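Participant: So here's upload-v7.cif, just mmCIF, C-alpha atoms:
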```cif
data_run
loop_
_atom_site.label_atom_id
_atom_site.label_comp_id
_atom_site.auth_asym_id
_atom_site.auth_seq_id
_atom_site.Cartn_x
_atom_site.Cartn_y
_atom_site.Cartn_z
CA VAL M 221 -139.19 15.31 100.36
CA THR M 222 -139.24 14.76 96.58
CA GLY M 223 -135.62 15.92 96.51
CA LEU M 224 -134.69 13.05 98.79
CA ASP M 225 -136.54 10.65 96.50
CA ARG M 226 -134.18 11.85 93.78
CA VAL M 227 -131.25 11.15 96.10
CA ARG M 228 -132.55 7.63 96.65
CA GLU M 229 -133.00 7.10 92.93
CA LEU M 230 -129.57 8.39 91.89
CA GLY M 231 -127.97 6.62 94.82
CA ALA M 232 -129.45 3.33 93.70
CA ARG M 233 -127.98 3.84 90.22
CA GLU M 234 -124.45 4.69 91.38
CA SER M 235 -123.89 2.50 94.47
CA GLY M 236 -124.57 5.57 96.61
CA LEU M 237 -121.47 7.33 95.25
CA ALA M 238 -121.52 11.02 96.03
CA VAL M 239 -119.13 13.95 96.17
CA VAL M 240 -118.86 15.64 99.56
CA PHE M 241 -117.59 19.18 100.01
CA THR M 242 -116.52 20.46 103.44
CA SER M 243 -114.67 23.65 104.44
CA ARG M 244 -111.13 24.21 105.59
CA ALA M 245 -110.37 26.90 108.16
CA ASP M 246 -109.26 29.25 105.36
CA GLY M 247 -112.65 28.91 103.64
CA THR M 248 -111.42 26.75 100.77
CA VAL M 249 -113.49 23.70 99.87
CA PRO M 250 -111.99 20.21 99.82
CA ALA M 251 -113.81 17.39 98.06
CA SER M 252 -113.98 13.66 98.62
CA ILE M 253 -116.05 10.72 97.48
CA VAL M 254 -118.26 8.66 99.78
CA ASN M 255 -121.10 6.17 99.62
CA ALA M 256 -124.13 7.92 101.01
CA GLY M 257 -127.81 7.17 101.40
CA VAL M 258 -131.01 8.33 103.02
CA LEU M 259 -132.13 7.02 106.38
CA ASP M 260 -134.16 8.12 109.36
CA HIS M 261 -132.26 10.12 111.94
CA PRO M 262 -131.65 7.80 114.91
CA VAL M 263 -132.98 10.35 117.43
CA THR M 264 -135.49 12.55 115.63
CA GLY M 265 -136.72 10.08 113.02
CA GLU M 266 -136.50 12.70 110.24
CA PRO M 267 -134.96 11.60 106.93
CA VAL M 268 -131.30 12.58 106.63
CA VAL M 269 -128.55 12.04 104.10
CA ALA M 270 -125.85 9.96 105.76
CA PHE M 271 -122.44 8.47 105.13
CA VAL M 272 -119.63 6.99 107.18
CA ALA M 273 -116.22 8.59 107.60
CA ARG M 274 -113.21 6.72 108.92
CA GLY M 275 -111.69 8.33 112.00
CA ALA M 276 -108.46 9.25 110.21
CA VAL M 277 -109.93 11.25 107.35
CA ARG M 278 -109.46 14.99 107.18
CA LYS M 279 -113.11 15.76 106.63
CA LEU M 280 -113.94 14.86 110.24
CA PRO M 281 -111.89 17.67 111.82
CA ASN M 282 -113.32 19.99 109.17
CA LEU M 283 -116.87 18.94 110.07
CA ARG M 284 -116.25 19.19 113.82
CA ALA M 285 -115.10 22.78 113.36
CA ARG M 286 -117.40 23.77 110.45
CA PRO M 287 -120.32 21.34 110.25
CA ARG M 288 -121.98 22.67 107.12
CA LEU M 289 -121.52 20.52 104.03
CA THR M 290 -122.65 20.07 100.46
CA ILE M 291 -123.15 16.59 98.99
CA VAL M 292 -123.86 15.89 95.32
CA PHE M 293 -125.26 12.73 93.73
CA ARG M 294 -124.84 12.45 89.96
CA SER M 295 -125.73 9.74 87.47
CA GLY M 296 -124.91 10.73 83.92
CA TRP M 297 -126.36 14.17 83.30
CA VAL M 298 -128.79 14.06 86.20
CA TRP M 299 -127.80 15.30 89.62
CA VAL M 300 -129.10 16.43 92.97
CA ALA M 301 -127.31 18.45 95.65
CA VAL M 302 -128.13 18.46 99.36
CA GLU M 303 -126.78 21.03 101.77
CA GLY M 304 -127.12 21.14 105.50
CA VAL M 305 -125.48 21.01 108.87
CA ALA M 306 -123.79 17.72 109.64
CA GLU M 307 -124.17 15.92 112.94
CA LEU M 308 -121.61 13.30 113.90
CA ALA M 309 -122.13 10.07 115.79
CA GLY M 310 -119.07 7.98 116.50
CA PRO M 311 -116.56 6.86 119.10
CA ASP M 312 -115.10 10.38 119.37
CA ASP M 313 -118.29 12.26 118.60
CA PRO M 314 -121.24 11.59 120.91
CA LEU M 315 -124.61 12.47 119.40
CA ALA M 316 -127.05 13.99 121.88
CA GLY M 317 -129.85 11.52 122.55
CA LEU M 318 -128.02 8.48 121.13
CA GLU M 319 -126.46 6.04 123.55
CA PRO M 320 -122.85 5.27 122.63
CA ALA M 321 -123.75 1.58 122.73
CA HIS M 322 -126.05 2.18 119.77
CA VAL M 323 -123.35 3.65 117.51
CA PRO M 324 -122.46 0.27 115.94
CA ARG M 325 -126.07 -0.31 114.96
CA LEU M 326 -126.28 3.19 113.44
CA LEU M 327 -123.09 2.57 111.43
CA ARG M 328 -124.57 -0.67 110.08
CA ASP M 329 -127.76 1.18 109.13
CA VAL M 330 -125.82 3.91 107.34
CA TYR M 331 -123.76 1.37 105.41
CA ALA M 332 -126.91 -0.52 104.46
CA ALA M 333 -128.60 2.69 103.26
CA ALA M 334 -125.52 3.88 101.39
CA VAL M 335 -124.00 0.73 99.95
CA GLY M 336 -126.73 -1.90 100.23
CA GLY M 337 -127.18 -5.10 102.17
CA THR M 338 -128.81 -5.47 105.54
CA ARG M 339 -127.98 -4.32 109.04
CA ASP M 340 -127.23 -7.90 110.03
CA GLU M 341 -124.82 -8.42 107.15
CA TRP M 342 -122.88 -5.29 108.09
CA ALA M 343 -122.60 -6.52 111.70
CA GLU M 344 -119.69 -8.69 110.55
CA LEU M 345 -117.68 -5.50 110.18
CA ASP M 346 -118.42 -4.08 113.64
CA GLY M 347 -114.85 -4.83 114.71
CA VAL M 348 -113.29 -3.06 111.73
CA MET M 349 -115.59 -0.07 112.14
CA ALA M 350 -114.65 0.25 115.80
CA ALA M 351 -110.92 -0.20 115.16
CA GLU M 352 -110.93 2.45 112.42
CA ARG M 353 -113.14 4.73 114.53
CA HIS M 354 -115.82 4.95 111.86
CA THR M 355 -118.15 7.85 112.45
CA ALA M 356 -121.61 8.42 111.03
CA VAL M 357 -122.20 11.79 109.38
CA LEU M 358 -125.88 12.79 109.32
CA VAL M 359 -126.99 15.75 107.20
CA ARG M 360 -130.40 17.28 107.75
CA PRO M 361 -131.34 18.61 104.30
CA ALA M 362 -131.63 22.39 104.62
CA LEU M 363 -131.35 22.99 100.87
CA VAL M 364 -131.99 20.46 98.08
CA TYR M 365 -131.66 21.33 94.39
CA SER M 366 -131.05 19.48 91.20
CA GLY M 367 -130.75 19.70 87.48
CA ALA M 368 -129.25 18.50 84.29
CA PRO M 369 -126.22 20.49 83.19
CA SER M 370 -127.02 23.43 80.97
CA THR M 371 -128.21 23.61 77.44
CA THR M 372 -124.66 22.79 76.36
CA ARG M 373 -125.92 19.26 76.02
CA THR M 374 -128.03 20.20 73.04
CA TYR M 375 -124.86 21.20 71.20
CA VAL M 376 -123.21 17.81 71.61
CA ARG M 377 -123.56 15.66 68.53
CA VAL B 206 -99.06 17.58 85.44
CA GLY B 207 -99.40 13.85 86.06
CA GLN B 208 -102.64 14.43 87.94
CA LEU B 209 -104.00 16.57 85.11
CA ASP B 210 -103.44 13.59 82.81
CA ARG B 211 -105.78 11.75 85.13
CA VAL B 212 -108.32 14.56 84.64
CA ARG B 213 -107.94 14.27 80.84
CA GLU B 214 -108.55 10.53 81.06
CA LEU B 215 -111.72 10.90 83.15
CA VAL B 216 -112.96 13.70 80.87
CA ALA B 217 -112.67 11.38 77.90
CA ARG B 218 -114.66 8.68 79.66
CA GLU B 219 -117.57 10.75 81.04
CA HIS B 220 -118.16 13.66 78.62
CA GLY B 221 -116.19 15.95 80.91
CA LEU B 222 -118.99 15.81 83.46
CA ALA B 223 -117.83 17.39 86.68
CA VAL B 224 -119.32 18.70 89.90
CA VAL B 225 -118.28 22.29 90.58
CA THR B 226 -118.65 24.26 93.77
CA THR B 227 -118.40 27.99 94.16
CA LEU B 228 -118.67 30.04 97.32
CA ARG B 229 -121.69 32.03 98.40
CA ALA B 230 -121.20 35.18 100.41
CA ASP B 231 -121.79 33.24 103.64
CA GLY B 232 -118.97 30.82 102.78
CA SER B 233 -121.22 27.88 101.97
CA ALA B 234 -120.47 25.78 98.87
CA SER B 235 -122.99 25.97 96.04
CA ALA B 236 -122.89 23.00 93.66
CA SER B 237 -123.64 22.48 89.99
CA VAL B 238 -122.65 20.12 87.19
CA VAL B 239 -120.74 21.24 84.10
CA ASN B 240 -118.79 19.80 81.18
CA ALA B 241 -115.17 20.63 81.87
CA GLY B 242 -111.81 19.82 80.37
CA VAL B 243 -108.12 20.68 80.42
CA LEU B 244 -106.67 23.26 78.07
CA ASP B 245 -103.81 25.71 77.92
CA HIS B 246 -104.51 29.09 79.45
CA PRO B 247 -104.99 31.50 76.54
CA VAL B 248 -102.53 34.03 78.01
CA THR B 249 -100.01 32.13 80.12
CA GLY B 250 -100.07 28.80 78.28
CA ASP B 251 -100.25 26.89 81.58
CA PRO B 252 -102.74 24.01 81.69
CA VAL B 253 -106.00 24.92 83.42
CA VAL B 254 -109.31 23.20 84.07
CA ALA B 255 -111.99 25.05 82.15
CA PHE B 256 -115.72 25.11 81.63
CA VAL B 257 -118.34 27.48 80.25
CA ALA B 258 -120.95 29.20 82.42
CA ARG B 259 -124.14 30.94 81.34
CA GLY B 260 -124.09 34.68 81.90
CA ASP B 261 -126.97 34.50 84.39
CA ALA B 262 -125.69 31.46 86.29
CA LYS B 263 -125.37 31.82 90.03
CA LYS B 264 -121.93 30.31 89.91
CA LEU B 265 -120.74 33.16 87.73
CA ALA B 266 -121.98 35.74 90.24
CA ASN B 267 -120.23 33.77 92.97
CA LEU B 268 -117.00 33.56 90.96
CA ARG B 269 -116.99 37.28 90.20
CA ALA B 270 -117.16 38.01 93.93
CA ARG B 271 -115.12 35.05 95.18
CA PRO B 272 -112.94 33.71 92.34
CA ARG B 273 -112.25 30.20 93.58
CA ALA B 274 -113.68 26.82 92.60
CA THR B 275 -113.43 23.13 93.39
CA VAL B 276 -114.03 20.82 90.39
CA VAL B 277 -114.50 17.06 90.80
CA PHE B 278 -114.41 14.52 87.98
CA ARG B 279 -115.72 11.03 88.79
CA VAL B 280 -116.15 7.87 86.76
CA GLY B 281 -117.41 5.08 88.97
CA TRP B 282 -115.05 4.90 91.90
CA GLU B 283 -112.29 6.83 90.22
CA TRP B 284 -112.14 10.53 90.80
CA VAL B 285 -109.89 13.52 90.82
CA ALA B 286 -110.48 16.91 92.41
CA VAL B 287 -108.98 20.20 91.27
CA GLU B 288 -109.05 23.32 93.41
CA GLY B 289 -107.82 26.75 92.57
CA SER B 290 -108.39 30.35 91.75
CA ALA B 291 -110.71 31.01 88.84
CA GLU B 292 -110.33 33.54 86.06
CA LEU B 293 -113.17 34.59 83.78
CA ALA B 294 -113.12 35.48 80.11
CA GLY B 295 -116.40 36.44 78.49
CA PRO B 296 -118.60 39.23 77.17
CA ASP B 297 -118.96 40.73 80.65
CA ASP B 298 -115.64 39.61 82.10
CA ALA B 299 -112.41 40.88 80.60
CA LEU B 300 -109.36 38.70 81.11
CA THR B 301 -106.14 40.67 81.46
CA GLY B 302 -103.92 40.22 78.43
CA PHE B 303 -106.64 38.55 76.39
CA ASP B 304 -108.24 40.07 73.29
CA PRO B 305 -112.05 40.23 73.82
CA ASP B 306 -112.54 39.43 70.13
CA ALA B 307 -111.01 36.04 70.79
CA VAL B 308 -113.70 35.05 73.34
CA PRO B 309 -115.77 33.03 70.83
CA GLU B 310 -112.73 30.99 69.84
CA LEU B 311 -111.85 30.40 73.50
CA LEU B 312 -115.40 29.20 74.21
CA ARG B 313 -115.10 26.75 71.32
CA ASP B 314 -111.77 25.54 72.66
CA VAL B 315 -113.22 25.01 76.14
CA PHE B 316 -116.19 23.13 74.69
CA ALA B 317 -113.86 20.92 72.64
CA ALA B 318 -111.58 20.31 75.64
CA ALA B 319 -114.63 18.96 77.48
CA GLY B 320 -115.20 16.49 74.66
CA GLY B 321 -117.84 18.46 72.75
CA THR B 322 -118.11 18.65 68.99
CA HIS B 323 -120.42 20.74 66.86
CA ASP B 324 -121.62 20.69 63.24
CA ASP B 325 -122.11 24.42 62.98
CA TRP B 326 -119.66 26.52 64.95
CA ASP B 327 -121.24 29.78 63.80
CA GLU B 328 -124.50 28.68 65.35
CA TYR B 329 -122.60 27.69 68.47
CA ASP B 330 -121.00 31.15 68.63
CA ARG B 331 -124.40 32.83 68.31
CA ALA B 332 -125.90 30.71 71.11
CA MET B 333 -122.93 31.41 73.35
CA ALA B 334 -123.16 35.15 72.72
CA ALA B 335 -126.94 35.20 73.25
CA GLU B 336 -126.54 33.52 76.65
CA ARG B 337 -123.55 35.73 77.50
CA ARG B 338 -121.55 32.63 78.18
CA THR B 339 -118.23 33.01 79.86
CA ALA B 340 -115.17 30.79 80.07
CA VAL B 341 -114.09 29.85 83.59
CA LEU B 342 -110.41 28.94 83.89
CA VAL B 343 -109.37 27.25 87.13
CA ARG B 344 -105.68 27.20 87.99
CA PRO B 345 -104.91 23.73 89.41
CA GLU B 346 -103.41 24.75 92.73
CA ARG B 347 -104.46 21.56 94.51
CA VAL B 348 -105.05 18.33 92.61
CA TYR B 349 -105.81 15.08 94.43
CA SER B 350 -107.68 11.83 93.99
CA ASN B 351 -108.35 8.50 95.59
CA PRO B 352 -105.32 6.38 96.43
CA GLY B 353 -104.13 3.84 93.88
#
```
So that I can check it, write out the structure of this file as structure tokens.
Facilitator:
Amino acid sequence: VTGLDRVRELGARESGLAVVFTSRADGTVPASIVNAGVLDHPVTGEPVVAFVARGAVRKLPNLRARPRLTIVFRSGWVWVAVEGVAELAGPDDPLAGLEPAHVPRLLRDVYAAAVGGTRDEWAELDGVMAAERHTAVLVRPALVYSGAPSTTRTYVR
Amino acid sequence: VGQLDRVRELVAREHGLAVVTTLRADGSASASVVNAGVLDHPVTGDPVVAFVARGDAKKLANLRARPRATVVFRVGWEWVAVEGSAELAGPDDALTGFDPDAVPELLRDVFAAAGGTHDDWDEYDRAMAAERRTAVLVRPERVYSNPG
């Protein structure tokens, strides 16, 4: 789980900002930026990388059809990538084992892990989250790797 | 080309740091971080997003088999993504219409486009050759960013 410690560390330095890559039907790879963090899976309790997607965004249909994703946290030259299969929990995406009534609490927890603040503070936005059909995306880390980019750095003066 | 100006601006602010994904054989996206920039394609003259890859890098093997990349530049909340087909020019990858003897100069140009400078370009050339470094040129077929 040291890789996830790196995610926590880089996340803390960059407000949880991360680049998410999903797949289109033709196999091409769209990118977007999210705030993501690490939290315990609401059903299994295992640590997962999580973020929230608004209902209207294109990555949700991509993830429903092709749930594998790659998410990259970078701060300066240091980075860590996490890959895995995404599970969704939201108004249009029931998660097995999670009661729909508990989705708002999960969304608050994901926001708190990704952006900061507490579950109770995020509760103020329950109405907005519901109206915009916010959906939690939970990624079980199947592959975690990291690095600093190449020796090119040593050539920069 | 307006969106590529945005790339140039973000390159200048963050040493050209960008997250790149290439495709593995199973279709999954493999990520790494590079220094990238915008320069004119050495054959066509069209602007491309370019970076340099080590000869033994996994992304190069992926690009030889599946020549397509997504490159994302981010500075704070601002970001721009570039997707497109990738061409290679290096010691093990001939680019059609391009003189192989000009590879070292192209690698310097890519490095400079990403904001790099060097005191001793001959030394740079030797290091590039020793690592069998290859220029990756991504045609900006899709360019998009956050609203506003």
Participant: Given the PyMOL selection byres ((chain B) within 9 of (chain M)) and the file above, list the residues it selects as JSON, numbers by chain.
Facilitator: {"B": [219, 222, 224, 226, 227, 228, 232, 233, 234, 235, 236, 237, 238, 239, 240, 257, 258, 259, 273, 274, 275, 276, 277, 279, 281, 282, 284, 285, 286, 287, 288, 289, 316, 320, 321, 322, 323, 324, 329, 350, 351]}
Participant: Report the distance between CA of Ala362 in chain M and CA of Val305 in chain M in Å, rounded to one decimal place.
Facilitator: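 The value is 7.6 Å.
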Participant: Do you have the CA of Asp231 in chain B-CA of Arg228 in chain M distance handy?
Facilitator: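 Answer for the CA of Asp231 in chain B to CA of Arg228 in chain M separation: 28.6 Å.
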Participant: If I take CA of Leu308 in chain M and CA of Val364 in chain M, how far is one from the other in Å, to one decimal?
Facilitator: 20.2 Å
Participant: Counting only C-alpha atoms, figure out which residue out of M:Gly336, M:Pro314, M:Gly236, M:Pro267 gets nearest to Thr222 in chain M.
Facilitator: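 Smallest separation from Thr222 in chain M among the options: M:Pro267.
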Participant: If you apply the PyMOL selection byres ((chain M and resi 351-355) around 10) to this file, what residues do you get, as a ChimeraX atom specification?
Facilitator: /M:271-277,280,308-314,323-324,326-327,345-350,356-358
Participant: Would you pick out the contacts of Ala299 in chain B at 12 Å or less, using only C-alpha atoms, so that residues sharing its chain but fewer than 5 positions from it are not included, and give the list as a list in words?
Facilitator: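 That gives Arg269, Glu292, Leu293, Ala294, Asp304, Pro305, Asp306, Ala307, Val308, Thr339, Ala340 and Val341 of chain B.
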Participant: Please save C-alpha atoms of the selected residues as a compact mmCIF listing (two decimals), in the frame of the given file.
Facilitator:
```txt
# COMPACT_ATOMS: atom_id res chain seq x y z
CA ARG B 269 -116.99 37.28 90.20
CA GLU B 292 -110.33 33.54 86.06
CA LEU B 293 -113.17 34.59 83.78
CA ALA B 294 -113.12 35.48 80.11
CA ASP B 304 -108.24 40.07 73.29
CA PRO B 305 -112.05 40.23 73.82
CA ASP B 306 -112.54 39.43 70.13
CA ALA B 307 -111.01 36.04 70.79
CA VAL B 308 -113.70 35.05 73.34
CA THR B 339 -118.23 33.01 79.86
CA ALA B 340 -115.17 30.79 80.07
CA VAL B 341 -114.09 29.85 83.59
```
Participant: Check the smallest atom-to-atom distance from each of B:His220, B:Arg344, B:Lys264, B:Arg331 to Val280 in chain B using all atoms listed in the file, then report the winner.
Facilitator: B:His220
Participant: Exactly which residues make up the result of the PyMOL selection byres ((chain M and resi 257) around 8) on this file, given as a PyMOL selection string?
Facilitator: chain M and resi 227-228+231+236+255-256+258-259+269-271+330+333-335
Participant: Output C-alpha atoms for every residue in that selection, as an mmCIF file, in the coordinates of the input.
Facilitator:
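Ended up saving to again_31.cif:
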```cif
data_model
loop_
_atom_site.group_PDB
_atom_site.id
_atom_site.type_symbol
_atom_site.label_atom_id
_atom_site.label_comp_id
_atom_site.auth_asym_id
_atom_site.auth_seq_id
_atom_site.Cartn_x
_atom_site.Cartn_y
_atom_site.Cartn_z
ATOM 1 C CA VAL M 227 -131.250 11.150 96.100
ATOM 2 C CA ARG M 228 -132.550 7.630 96.650
ATOM 3 C CA GLY M 231 -127.970 6.620 94.820
ATOM 4 C CA GLY M 236 -124.570 5.570 96.610
ATOM 5 C CA ASN M 255 -121.100 6.170 99.620
ATOM 6 C CA ALA M 256 -124.130 7.920 101.010
ATOM 7 C CA VAL M 258 -131.010 8.330 103.020
ATOM 8 C CA LEU M 259 -132.130 7.020 106.380
ATOM 9 C CA VAL M 269 -128.550 12.040 104.100
ATOM 10 C CA ALA M 270 -125.850 9.960 105.760
ATOM 11 C CA PHE M 271 -122.440 8.470 105.130
ATOM 12 C CA VAL M 330 -125.820 3.910 107.340
ATOM 13 C CA ALA M 333 -128.600 2.690 103.260
ATOM 14 C CA ALA M 334 -125.520 3.880 101.390
ATOM 15 C CA VAL M 335 -124.000 0.730 99.950
#
```
